[in-house]
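Visitor: Pasting input12.cif below, which is mmCIF, C-alpha atoms.
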data_entry
#
loop_
_atom_site.group_PDB
_atom_site.id
_atom_site.type_symbol
_atom_site.label_atom_id
_atom_site.label_comp_id
_atom_site.auth_asym_id
_atom_site.auth_seq_id
_atom_site.Cartn_x
_atom_site.Cartn_y
_atom_site.Cartn_z
ATOM 1 C CA MET A 1 -1.287 135.071 98.997
ATOM 2 C CA ASP A 2 1.796 133.727 97.184
ATOM 3 C CA ALA A 3 3.552 131.171 99.482
ATOM 4 C CA ARG A 4 6.563 130.637 97.241
ATOM 5 C CA PRO A 5 9.911 131.355 98.965
ATOM 6 C CA THR A 6 11.550 134.597 97.995
ATOM 7 C CA VAL A 7 15.168 134.921 96.950
ATOM 8 C CA SER A 8 17.056 137.919 98.280
ATOM 9 C CA ARG A 9 18.950 140.261 95.993
ATOM 10 C CA ALA A 10 22.203 139.104 97.650
ATOM 11 C CA GLY A 11 21.291 135.480 96.930
ATOM 12 C CA LEU A 12 20.648 136.223 93.281
ATOM 13 C CA TRP A 13 24.002 137.955 92.930
ATOM 14 C CA LEU A 14 25.741 135.064 94.654
ATOM 15 C CA ARG A 15 24.208 132.583 92.218
ATOM 16 C CA ARG A 16 25.229 134.754 89.279
ATOM 17 C CA ILE A 17 28.803 134.991 90.568
ATOM 18 C CA LEU A 18 28.993 131.227 91.079
ATOM 19 C CA LEU A 19 27.647 130.577 87.581
ATOM 20 C CA ALA A 20 30.173 133.044 86.148
ATOM 21 C CA LEU A 21 33.021 131.321 87.993
ATOM 22 C CA VAL A 22 31.897 127.914 86.735
ATOM 23 C CA GLY A 23 31.753 129.326 83.223
ATOM 24 C CA LEU A 24 35.261 130.736 83.545
ATOM 25 C CA VAL A 25 36.586 127.395 84.763
ATOM 26 C CA VAL A 26 34.939 125.602 81.843
ATOM 27 C CA LEU A 27 36.387 128.107 79.383
ATOM 28 C CA LEU A 28 39.836 127.739 80.955
ATOM 29 C CA VAL A 29 39.701 123.954 80.729
ATOM 30 C CA LEU A 30 38.551 124.100 77.113
ATOM 31 C CA SER A 31 41.242 126.649 76.263
ATOM 32 C CA LEU A 32 44.008 124.582 77.859
ATOM 33 C CA GLY A 33 42.703 121.482 76.141
ATOM 34 C CA GLY A 34 42.810 123.315 72.835
ATOM 35 C CA VAL A 35 46.394 124.426 73.466
ATOM 36 C CA ILE A 36 47.441 120.872 74.325
ATOM 37 C CA VAL A 37 45.790 119.414 71.208
ATOM 38 C CA TYR A 38 47.192 122.123 68.917
ATOM 39 C CA ASP A 39 50.667 121.732 70.425
ATOM 40 C CA ALA A 40 50.607 117.978 69.900
ATOM 41 C CA ALA A 41 49.538 118.432 66.286
ATOM 42 C CA THR A 42 52.088 121.089 65.304
ATOM 43 C CA VAL A 43 55.227 120.430 67.373
ATOM 44 C CA VAL A 44 58.358 118.995 65.743
ATOM 45 C CA PRO A 45 58.034 115.214 66.246
ATOM 46 C CA VAL A 46 60.573 113.165 68.171
ATOM 47 C CA THR A 47 61.395 111.204 65.028
ATOM 48 C CA ALA A 48 62.741 114.403 63.452
ATOM 49 C CA VAL A 49 65.559 114.607 66.026
ATOM 50 C CA ALA A 50 66.051 110.954 67.047
ATOM 51 C CA ASN A 51 68.581 108.817 65.188
ATOM 52 C CA VAL A 52 68.517 105.466 67.030
ATOM 53 C CA GLU A 53 65.942 102.964 68.203
ATOM 54 C CA ILE A 54 66.392 101.394 71.623
ATOM 55 C CA PRO A 55 64.897 98.007 72.535
ATOM 56 C CA GLY A 56 62.385 98.624 75.304
ATOM 57 C CA PRO A 57 59.976 96.525 77.365
ATOM 58 C CA GLU A 58 57.814 93.897 75.651
ATOM 59 C CA GLY A 59 59.423 94.428 72.267
ATOM 60 C CA LEU A 60 58.680 98.172 72.166
ATOM 61 C CA MET A 61 61.243 100.264 70.288
ATOM 62 C CA LEU A 62 62.135 103.537 72.021
ATOM 63 C CA HIS A 63 63.671 106.622 70.414
ATOM 64 C CA GLY A 64 66.932 108.357 71.254
ATOM 65 C CA TYR A 65 69.618 110.648 69.928
ATOM 66 C CA LEU A 66 73.102 109.093 70.004
ATOM 67 C CA ALA A 67 76.258 111.028 69.142
ATOM 68 C CA ARG A 68 79.896 110.077 69.494
ATOM 69 C CA PRO A 69 83.375 111.511 68.917
ATOM 70 C CA PRO A 70 85.030 110.723 65.571
ATOM 71 C CA ASP A 71 87.716 108.396 66.962
ATOM 72 C CA ALA A 72 87.070 104.824 68.002
ATOM 73 C CA GLY A 73 87.539 105.181 71.757
ATOM 74 C CA PRO A 74 86.655 103.657 74.116
ATOM 75 C CA HIS A 75 85.135 106.869 75.471
ATOM 76 C CA PRO A 76 83.409 107.862 78.678
ATOM 77 C CA ALA A 77 79.686 108.311 78.146
ATOM 78 C CA VAL A 78 76.762 110.382 79.411
ATOM 79 C CA LEU A 79 73.049 109.615 79.407
ATOM 80 C CA LEU A 80 71.579 113.120 79.005
ATOM 81 C CA ILE A 81 67.909 113.308 79.998
ATOM 82 C CA HIS A 82 65.666 116.022 78.607
ATOM 83 C CA GLU A 83 63.479 118.586 80.374
ATOM 84 C CA TRP A 84 59.716 118.159 80.671
ATOM 85 C CA TRP A 85 59.315 119.231 77.029
ATOM 86 C CA GLY A 86 60.513 115.859 75.763
ATOM 87 C CA LEU A 87 63.253 114.923 73.308
ATOM 88 C CA ASN A 88 63.826 118.022 71.172
ATOM 89 C CA ALA A 89 66.512 120.003 69.362
ATOM 90 C CA ASP A 90 67.596 121.817 72.525
ATOM 91 C CA ILE A 91 68.729 118.646 74.282
ATOM 92 C CA THR A 92 70.352 117.246 71.135
ATOM 93 C CA ALA A 93 72.371 120.471 70.763
ATOM 94 C CA LEU A 94 73.617 120.106 74.333
ATOM 95 C CA ALA A 95 74.423 116.467 73.602
ATOM 96 C CA ASP A 96 76.539 117.553 70.633
ATOM 97 C CA ALA A 97 78.350 120.057 72.855
ATOM 98 C CA LEU A 98 79.276 117.217 75.228
ATOM 99 C CA VAL A 99 80.409 115.051 72.343
ATOM 100 C CA ALA A 100 82.836 117.819 71.395
ATOM 101 C CA GLN A 101 84.422 117.279 74.825
ATOM 102 C CA GLY A 102 85.108 113.606 74.061
ATOM 103 C CA TYR A 103 81.997 111.875 75.423
ATOM 104 C CA VAL A 104 79.601 109.477 73.770
ATOM 105 C CA VAL A 105 76.165 110.892 74.576
ATOM 106 C CA LEU A 106 72.695 109.369 74.404
ATOM 107 C CA ALA A 107 69.665 111.633 74.851
ATOM 108 C CA PRO A 108 66.763 109.214 75.364
ATOM 109 C CA ASP A 109 63.060 109.867 74.832
ATOM 110 C CA ALA A 110 61.281 109.435 78.168
ATOM 111 C CA TYR A 111 57.787 110.128 76.768
ATOM 112 C CA ARG A 112 57.566 107.410 74.093
ATOM 113 C CA GLY A 113 57.354 109.723 71.120
ATOM 114 C CA GLN A 114 55.437 112.592 72.685
ATOM 115 C CA VAL A 115 56.870 116.095 72.924
ATOM 116 C CA GLY A 116 55.596 119.583 73.718
ATOM 117 C CA ARG A 117 56.562 123.209 73.307
ATOM 118 C CA THR A 118 53.968 124.895 75.543
ATOM 119 C CA VAL A 119 53.667 124.727 79.328
ATOM 120 C CA PRO A 120 50.176 123.131 79.293
ATOM 121 C CA ARG A 121 51.358 120.365 76.978
ATOM 122 C CA ALA A 122 54.588 119.804 78.924
ATOM 123 C CA LEU A 123 52.680 119.709 82.210
ATOM 124 C CA TRP A 124 50.197 117.255 80.710
ATOM 125 C CA LEU A 125 53.011 114.963 79.579
ATOM 126 C CA ARG A 126 54.718 115.202 82.947
ATOM 127 C CA LEU A 127 51.569 114.360 84.904
ATOM 128 C CA THR A 128 50.180 111.642 82.650
ATOM 129 C CA THR A 129 53.324 109.645 81.885
ATOM 130 C CA PRO A 130 53.561 106.876 84.519
ATOM 131 C CA ALA A 131 56.673 107.055 86.695
ATOM 132 C CA ALA A 132 57.188 103.295 86.429
ATOM 133 C CA GLN A 133 57.130 103.520 82.621
ATOM 134 C CA ILE A 134 59.705 106.314 82.641
ATOM 135 C CA ALA A 135 61.957 104.279 84.938
ATOM 136 C CA VAL A 136 61.793 101.165 82.746
ATOM 137 C CA ASP A 137 62.463 103.158 79.573
ATOM 138 C CA LEU A 138 65.417 105.076 81.030
ATOM 139 C CA ASP A 139 66.909 101.879 82.435
ATOM 140 C CA ALA A 140 66.700 100.396 78.939
ATOM 141 C CA ALA A 141 68.335 103.493 77.433
ATOM 142 C CA PHE A 142 71.129 103.403 79.984
ATOM 143 C CA GLY A 143 71.824 99.743 79.244
ATOM 144 C CA TYR A 144 71.851 100.536 75.523
ATOM 145 C CA LEU A 145 74.393 103.306 76.054
ATOM 146 C CA ARG A 146 76.698 101.180 78.190
ATOM 147 C CA SER A 147 76.765 98.452 75.538
ATOM 148 C CA ALA A 148 77.173 100.847 72.586
ATOM 149 C CA GLU A 149 80.264 100.613 70.409
ATOM 150 C CA GLY A 150 83.132 102.782 71.611
ATOM 151 C CA VAL A 151 81.764 103.216 75.156
ATOM 152 C CA ASP A 152 83.673 102.392 78.316
ATOM 153 C CA ALA A 153 80.810 101.068 80.453
ATOM 154 C CA ALA A 154 82.757 101.671 83.658
ATOM 155 C CA ARG A 155 82.902 105.411 82.909
ATOM 156 C CA THR A 156 79.252 106.230 82.266
ATOM 157 C CA ALA A 157 77.332 109.082 83.917
ATOM 158 C CA ALA A 158 73.687 110.130 84.196
ATOM 159 C CA ALA A 159 72.803 113.803 83.809
ATOM 160 C CA GLY A 160 69.635 115.760 83.212
ATOM 161 C CA PHE A 161 67.808 119.066 83.334
ATOM 162 C CA CYS A 162 64.673 119.839 85.353
ATOM 163 C CA PHE A 163 62.504 116.719 84.852
ATOM 164 C CA GLY A 164 65.633 115.014 83.528
ATOM 165 C CA GLY A 165 67.691 116.048 86.538
ATOM 166 C CA GLY A 166 65.277 114.360 88.903
ATOM 167 C CA GLU A 167 65.192 111.283 86.679
ATOM 168 C CA ALA A 168 69.011 111.162 86.552
ATOM 169 C CA LEU A 169 69.045 111.041 90.353
ATOM 170 C CA LEU A 170 66.400 108.294 90.438
ATOM 171 C CA LEU A 171 68.315 106.297 87.824
ATOM 172 C CA SER A 172 71.439 106.534 89.961
ATOM 173 C CA LEU A 173 69.491 105.305 92.973
ATOM 174 C CA ARG A 174 68.199 102.331 90.959
ATOM 175 C CA GLN A 175 71.587 101.435 89.471
ATOM 176 C CA PRO A 176 74.237 102.786 91.853
ATOM 177 C CA ALA A 177 76.862 100.214 90.892
ATOM 178 C CA ALA A 178 76.621 101.015 87.185
ATOM 179 C CA ILE A 179 76.818 104.820 87.287
ATOM 180 C CA ALA A 180 80.169 106.529 87.717
ATOM 181 C CA ALA A 181 78.806 110.049 88.309
ATOM 182 C CA THR A 182 75.497 111.922 88.453
ATOM 183 C CA VAL A 183 74.629 115.483 87.449
ATOM 184 C CA VAL A 184 71.355 117.063 88.584
ATOM 185 C CA TYR A 185 70.483 120.391 86.988
ATOM 186 C CA TYR A 186 67.637 121.884 89.077
ATOM 187 C CA GLY A 187 65.763 118.588 89.244
ATOM 188 C CA SER A 188 63.590 117.146 91.990
ATOM 189 C CA VAL A 189 65.715 116.067 94.935
ATOM 190 C CA VAL A 190 65.669 113.408 97.638
ATOM 191 C CA THR A 191 66.113 114.654 101.201
ATOM 192 C CA ASP A 192 65.955 111.314 103.034
ATOM 193 C CA PRO A 193 69.543 110.233 103.859
ATOM 194 C CA GLN A 194 68.529 106.572 104.019
ATOM 195 C CA ARG A 195 67.370 106.629 100.385
ATOM 196 C CA LEU A 196 70.677 108.174 99.342
ATOM 197 C CA GLU A 197 72.904 105.707 101.159
ATOM 198 C CA THR A 198 73.099 103.387 98.137
ATOM 199 C CA LEU A 199 75.018 106.053 96.181
ATOM 200 C CA SER A 200 78.777 105.687 96.368
ATOM 201 C CA THR A 201 79.887 107.655 93.300
ATOM 202 C CA PRO A 202 80.074 111.471 93.101
ATOM 203 C CA LEU A 203 77.075 113.698 92.503
ATOM 204 C CA LEU A 204 76.952 117.277 91.229
ATOM 205 C CA GLY A 205 73.872 119.389 91.934
ATOM 206 C CA ILE A 206 73.314 122.730 90.176
ATOM 207 C CA PHE A 207 70.465 125.015 91.214
ATOM 208 C CA GLY A 208 69.251 128.610 90.946
ATOM 209 C CA ALA A 209 68.810 130.843 93.975
ATOM 210 C CA GLU A 210 65.561 132.263 92.548
ATOM 211 C CA ASP A 211 64.046 128.887 91.640
ATOM 212 C CA ALA A 212 60.457 128.729 92.897
ATOM 213 C CA GLN A 213 60.100 125.034 91.976
ATOM 214 C CA ILE A 214 63.178 123.815 93.848
ATOM 215 C CA PRO A 215 63.550 126.308 96.728
ATOM 216 C CA VAL A 216 66.956 126.980 98.246
ATOM 217 C CA ALA A 217 65.819 125.512 101.568
ATOM 218 C CA GLU A 218 65.052 122.204 99.850
ATOM 219 C CA VAL A 219 68.402 122.254 98.046
ATOM 220 C CA ARG A 220 70.159 122.713 101.378
ATOM 221 C CA ARG A 221 68.244 119.780 102.855
ATOM 222 C CA PHE A 222 69.359 117.730 99.848
ATOM 223 C CA ALA A 223 72.996 118.699 100.427
ATOM 224 C CA ALA A 224 72.683 117.874 104.134
ATOM 225 C CA ALA A 225 71.162 114.479 103.333
ATOM 226 C CA LEU A 226 74.002 113.697 100.919
ATOM 227 C CA GLU A 227 76.477 114.635 103.636
ATOM 228 C CA THR A 228 74.727 112.433 106.180
ATOM 229 C CA ALA A 229 74.575 109.527 103.726
ATOM 230 C CA GLY A 230 78.298 109.856 102.975
ATOM 231 C CA VAL A 231 77.802 110.554 99.266
ATOM 232 C CA PRO A 232 80.687 112.467 97.598
ATOM 233 C CA HIS A 233 79.029 115.596 96.292
ATOM 234 C CA GLN A 234 79.201 119.225 95.349
ATOM 235 C CA VAL A 235 76.059 121.348 95.312
ATOM 236 C CA THR A 236 76.166 124.835 93.822
ATOM 237 C CA ILE A 237 73.419 127.452 94.071
ATOM 238 C CA TYR A 238 73.864 130.139 91.417
ATOM 239 C CA PRO A 239 72.674 133.607 92.506
ATOM 240 C CA GLY A 240 70.283 135.710 90.469
ATOM 241 C CA VAL A 241 68.803 132.914 88.346
ATOM 242 C CA GLY A 242 65.698 130.783 88.600
ATOM 243 C CA HIS A 243 64.559 127.471 87.207
ATOM 244 C CA ALA A 244 65.836 126.160 83.866
ATOM 245 C CA PHE A 245 68.472 128.860 83.490
ATOM 246 C CA LEU A 246 70.681 126.853 81.115
ATOM 247 C CA SER A 247 69.828 126.055 77.495
ATOM 248 C CA SER A 248 71.487 125.356 74.175
ATOM 249 C CA GLU A 249 71.372 129.108 73.472
ATOM 250 C CA ASN A 250 73.421 130.261 76.480
ATOM 251 C CA TYR A 251 75.541 127.354 77.767
ATOM 252 C CA ALA A 252 78.674 128.809 76.114
ATOM 253 C CA GLU A 253 78.037 132.419 77.138
ATOM 254 C CA PRO A 254 79.461 134.307 80.147
ATOM 255 C CA GLY A 255 77.295 134.273 83.233
ATOM 256 C CA PRO A 256 75.613 131.629 85.399
ATOM 257 C CA ALA A 257 74.648 129.328 82.514
ATOM 258 C CA GLY A 258 78.170 129.223 81.097
ATOM 259 C CA GLU A 259 79.672 128.818 84.562
ATOM 260 C CA ALA A 260 77.287 125.962 85.387
ATOM 261 C CA TRP A 261 78.179 124.214 82.123
ATOM 262 C CA GLN A 262 81.894 124.557 82.818
ATOM 263 C CA GLU A 263 81.348 123.241 86.349
ATOM 264 C CA MET A 264 79.723 120.123 84.880
ATOM 265 C CA LEU A 265 82.563 119.637 82.392
ATOM 266 C CA ALA A 266 85.139 119.869 85.188
ATOM 267 C CA PHE A 267 83.123 117.433 87.302
ATOM 268 C CA LEU A 268 82.777 114.907 84.483
ATOM 269 C CA ASN A 269 86.436 115.244 83.573
ATOM 270 C CA ALA A 270 87.469 114.578 87.174
ATOM 271 C CA ASN A 271 85.263 111.513 87.543
ATOM 272 C CA LEU A 272 85.083 109.880 84.106
ATOM 273 C CA ARG A 273 88.594 110.284 82.760
ATOM 274 C CA PRO A 274 91.154 107.492 83.331
#
Please render this file's structure as structure tokens.

Guide:
Amino acid sequence: MDARPTVSRAGLWLRRILLALVGLVVLLVLSLGGVIVYDAATVVPVTAVANVEIPGPEGLMLHGYLARPPDAGPHPAVLLIHEWWGLNADITALADALVAQGYVVLAPDAYRGQVGRTVPRALWLRLTTPAAQIAVDLDAAFGYLRSAEGVDAARTAAAGFCFGGGEALLLSLRQPAAIAATVVYYGSVVTDPQRLETLSTPLLGIFGAEDAQIPVAEVRRFAAALETAGVPHQVTIYPGVGHAFLSSENYAEPGPAGEAWQEMLAFLNANLRP
């Protein structure tokens, strides 16, 4: 008589399903890894859009895109922080659009030369770049901008989109005395009033009503925390649009993107002009 344990038909099918799921996970990981590697190898490098080097920590030279109006100034200035893609042509085009309004603009590289064009690559960069490193690099870029020729250091703002919007807010919290205004385009927010109490200069927040990453409820908590902390602010939630609804392709067009851009220009004009 065979004493070996028997395996039921249901047990066999369960094992097969589990093995298939493991195989699918492995294939997904390999596929995403391939996308990330291919993206890194074929994307337009940061050096193709950067035009200045910024002294960073421990002698490291960071990249940035600096543009200025044709006249000598001194001009108000904006540190314009990119989305999670990295420093690319989209953010430099928006920087040029701000320069046309009379601002010196620096778009810094927060990823130390890395850039992506696909979601897996951008997510990888966002998750693997240390927050402390980003903070040190952006602080260095902000100091570089304030000391740049033709810049009025007392009239310098921090602004950013998505990843950059959250980093603009964090920069303002680190250097509240040095920043004259802050613009957060659908970036991560802070809802603790005590953390926001150090801010004394105005803040503009722009968000989309259909944004799944920064829900309206969280935006409202952010606005309430700013109110409690006594921070001068205006927070606008644009209906019918989701995350990252403004780009270099639509900022001058009618609709929410164009309106949000004009709202920022009015805000900067009110807070950075003499």

Visitor: Counting only C-alpha atoms, figure out which residue out of A:Ile91, A:Leu79, A:Met264, A:Ala148 gets nearest to A:Leu169.

Guide: A:Leu79

Visitor: Starting from the shown file, work through the PyMOL selection byres ((chain A and resi 151) around 8) and note down what comes out as a list in words.

Guide: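 Applied to this file, the PyMOL selection byres ((chain A and resi 151) around 8) returns Gly73, Pro74, His75, Pro76, Ala77, Val104, Leu145, Arg146, Ser147, Ala148, Glu149, Gly150, Asp152 and Ala153 of chain A.
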
Visitor: Ranking A:Leu246, A:Leu204, A:Val115, A:Ala217 by minimum distance to A:Gln234 and counting all atoms listed in the file, which one comes first?

Guide: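 So, comparing all the options, the nearest one is A:Leu204.
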
Visitor: Apply the PyMOL selection byres ((chain A and resi 202) around 9) to the structure shown and report the selected residues as a list in words.

Guide: Ala180, Ala181, Thr182, Val183, Leu199, Ser200, Thr201, Leu203, Leu204, Val231, Pro232, His233, Gln234, Phe267 and Asn271 of chain A

Visitor: Taking 6 positions as the minimum chain separation for residues in the same chain, which residues sit within 12 Å of A:Gln262 when counting all atoms listed in the file? Answer as a PDB file with C-alpha atoms, in the frame of the given file.

Guide:
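Below is the file that was written, part-v2.pdb:
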ATOM      1  CA  ALA A  97      78.350 120.057  72.855  1.00  0.00           C
ATOM      2  CA  LEU A  98      79.276 117.217  75.228  1.00  0.00           C
ATOM      3  CA  GLN A 101      84.422 117.279  74.825  1.00  0.00           C
ATOM      4  CA  ILE A 206      73.314 122.730  90.176  1.00  0.00           C
ATOM      5  CA  LEU A 246      70.681 126.853  81.115  1.00  0.00           C
ATOM      6  CA  TYR A 251      75.541 127.354  77.767  1.00  0.00           C
ATOM      7  CA  ALA A 252      78.674 128.809  76.114  1.00  0.00           C
ATOM      8  CA  GLU A 253      78.037 132.419  77.138  1.00  0.00           C
ATOM      9  CA  PRO A 254      79.461 134.307  80.147  1.00  0.00           C
ATOM     10  CA  GLY A 255      77.295 134.273  83.233  1.00  0.00           C
ATOM     11  CA  PRO A 256      75.613 131.629  85.399  1.00  0.00           C
ATOM     12  CA  LEU A 268      82.777 114.907  84.483  1.00  0.00           C
ATOM     13  CA  ASN A 269      86.436 115.244  83.573  1.00  0.00           C
TER      14      ASN A 269
END

Visitor: Run the PyMOL selection byres ((chain A and resi 224) around 12) against the file shown and list the residues it catches, as a VMD selection string.

Guide: chain A and resid 189 to 193 196 217 to 223 225 to 235

Visitor: What separation in Å, quoted to one decimal, exists between atom CA of A:Leu94 and atom CA of A:Arg174?

Guide: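 We find that atom CA of A:Leu94 and atom CA of A:Arg174 lie 24.9 Å from each other.
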
Visitor: Go through A:Gly116, A:Gly56, A:Gly242, A:Gly143 and flag the residue nearest A:Ala178, using only C-alpha atoms for the distances.

Guide: A:Gly143

Visitor: Go ahead and compute the interatomic distance for atom CA of A:Gly166 and atom CA of A:Pro215, in Å to one decimal.

Guide: 14.4 Å

Visitor: Draw an axis-aligned box tight on the listed atoms of stretch 162-165 of chain A, then pad every side by 3 Å and write out centre and edge lengths in Å to one decimal as JSON.

Guide:
{"center_x": 65.1, "center_y": 117.4, "center_z": 85.0, "size_x": 11.2, "size_y": 10.8, "size_z": 9.0}

Visitor: For A:Ala50, please output as a PyMOL selection string all residues within 9 Å (counting all atoms listed in the file; exclusion window: fewer than 5 positions along the same chain).

Guide: chain A and resi 63-66+87-88+92+107-109

Visitor: My list of candidates is A:Leu265, A:Ile179, A:Ile134, A:Ala122. Which is closest to A:Trp84 when distances are computed with all atoms listed in the file?

Guide: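 Among the listed residues, the smallest separation from A:Trp84 belongs to A:Ala122.
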
Visitor: Can you measure atom CA of A:Phe142 to atom CA of A:Leu125 for me? One decimal in Å is fine.

Guide: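 Between atom CA of A:Phe142 and atom CA of A:Leu125 the gap is 21.5 Å.
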
Visitor: For a quick check of understanding, using all atoms listed in the file, which of A:Ala110, A:Ala141, A:Ala135, A:Val99 has the smallest distance to A:Val52?

Guide: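 Closest residue, counting all atoms listed in the file: A:Ala141.
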
Visitor: Tell me which protein, DNA and RNA residues are within 7 Å of stretch 158-161 of chain A, counting only C-alpha atoms, leaving out same-chain ones fewer than 3 positions away, and put them as a PDB file with C-alpha atoms, keeping the file's coordinate frame.

Guide:
ATOM      1  CA  VAL A  78      76.762 110.382  79.411  1.00  0.00           C
ATOM      2  CA  LEU A  79      73.049 109.615  79.407  1.00  0.00           C
ATOM      3  CA  LEU A  80      71.579 113.120  79.005  1.00  0.00           C
ATOM      4  CA  ILE A  81      67.909 113.308  79.998  1.00  0.00           C
ATOM      5  CA  HIS A  82      65.666 116.022  78.607  1.00  0.00           C
ATOM      6  CA  GLU A  83      63.479 118.586  80.374  1.00  0.00           C
ATOM      7  CA  GLY A 164      65.633 115.014  83.528  1.00  0.00           C
ATOM      8  CA  GLY A 165      67.691 116.048  86.538  1.00  0.00           C
ATOM      9  CA  ALA A 168      69.011 111.162  86.552  1.00  0.00           C
ATOM     10  CA  ILE A 179      76.818 104.820  87.287  1.00  0.00           C
ATOM     11  CA  ALA A 181      78.806 110.049  88.309  1.00  0.00           C
ATOM     12  CA  THR A 182      75.497 111.922  88.453  1.00  0.00           C
ATOM     13  CA  VAL A 183      74.629 115.483  87.449  1.00  0.00           C
ATOM     14  CA  VAL A 184      71.355 117.063  88.584  1.00  0.00           C
ATOM     15  CA  TYR A 185      70.483 120.391  86.988  1.00  0.00           C
ATOM     16  CA  TYR A 186      67.637 121.884  89.077  1.00  0.00           C
ATOM     17  CA  GLY A 187      65.763 118.588  89.244  1.00  0.00           C
TER      18      GLY A 187
END

Visitor: I'd like the contact shell of A:Gln114 - 7 Å cut-off, all atoms listed in the file, skipping same-chain residues fewer than 2 positions apart - returned as a list in words.

Guide: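 The neighbour list is Val46, Gly86, Tyr111 and Arg112 of chain A.
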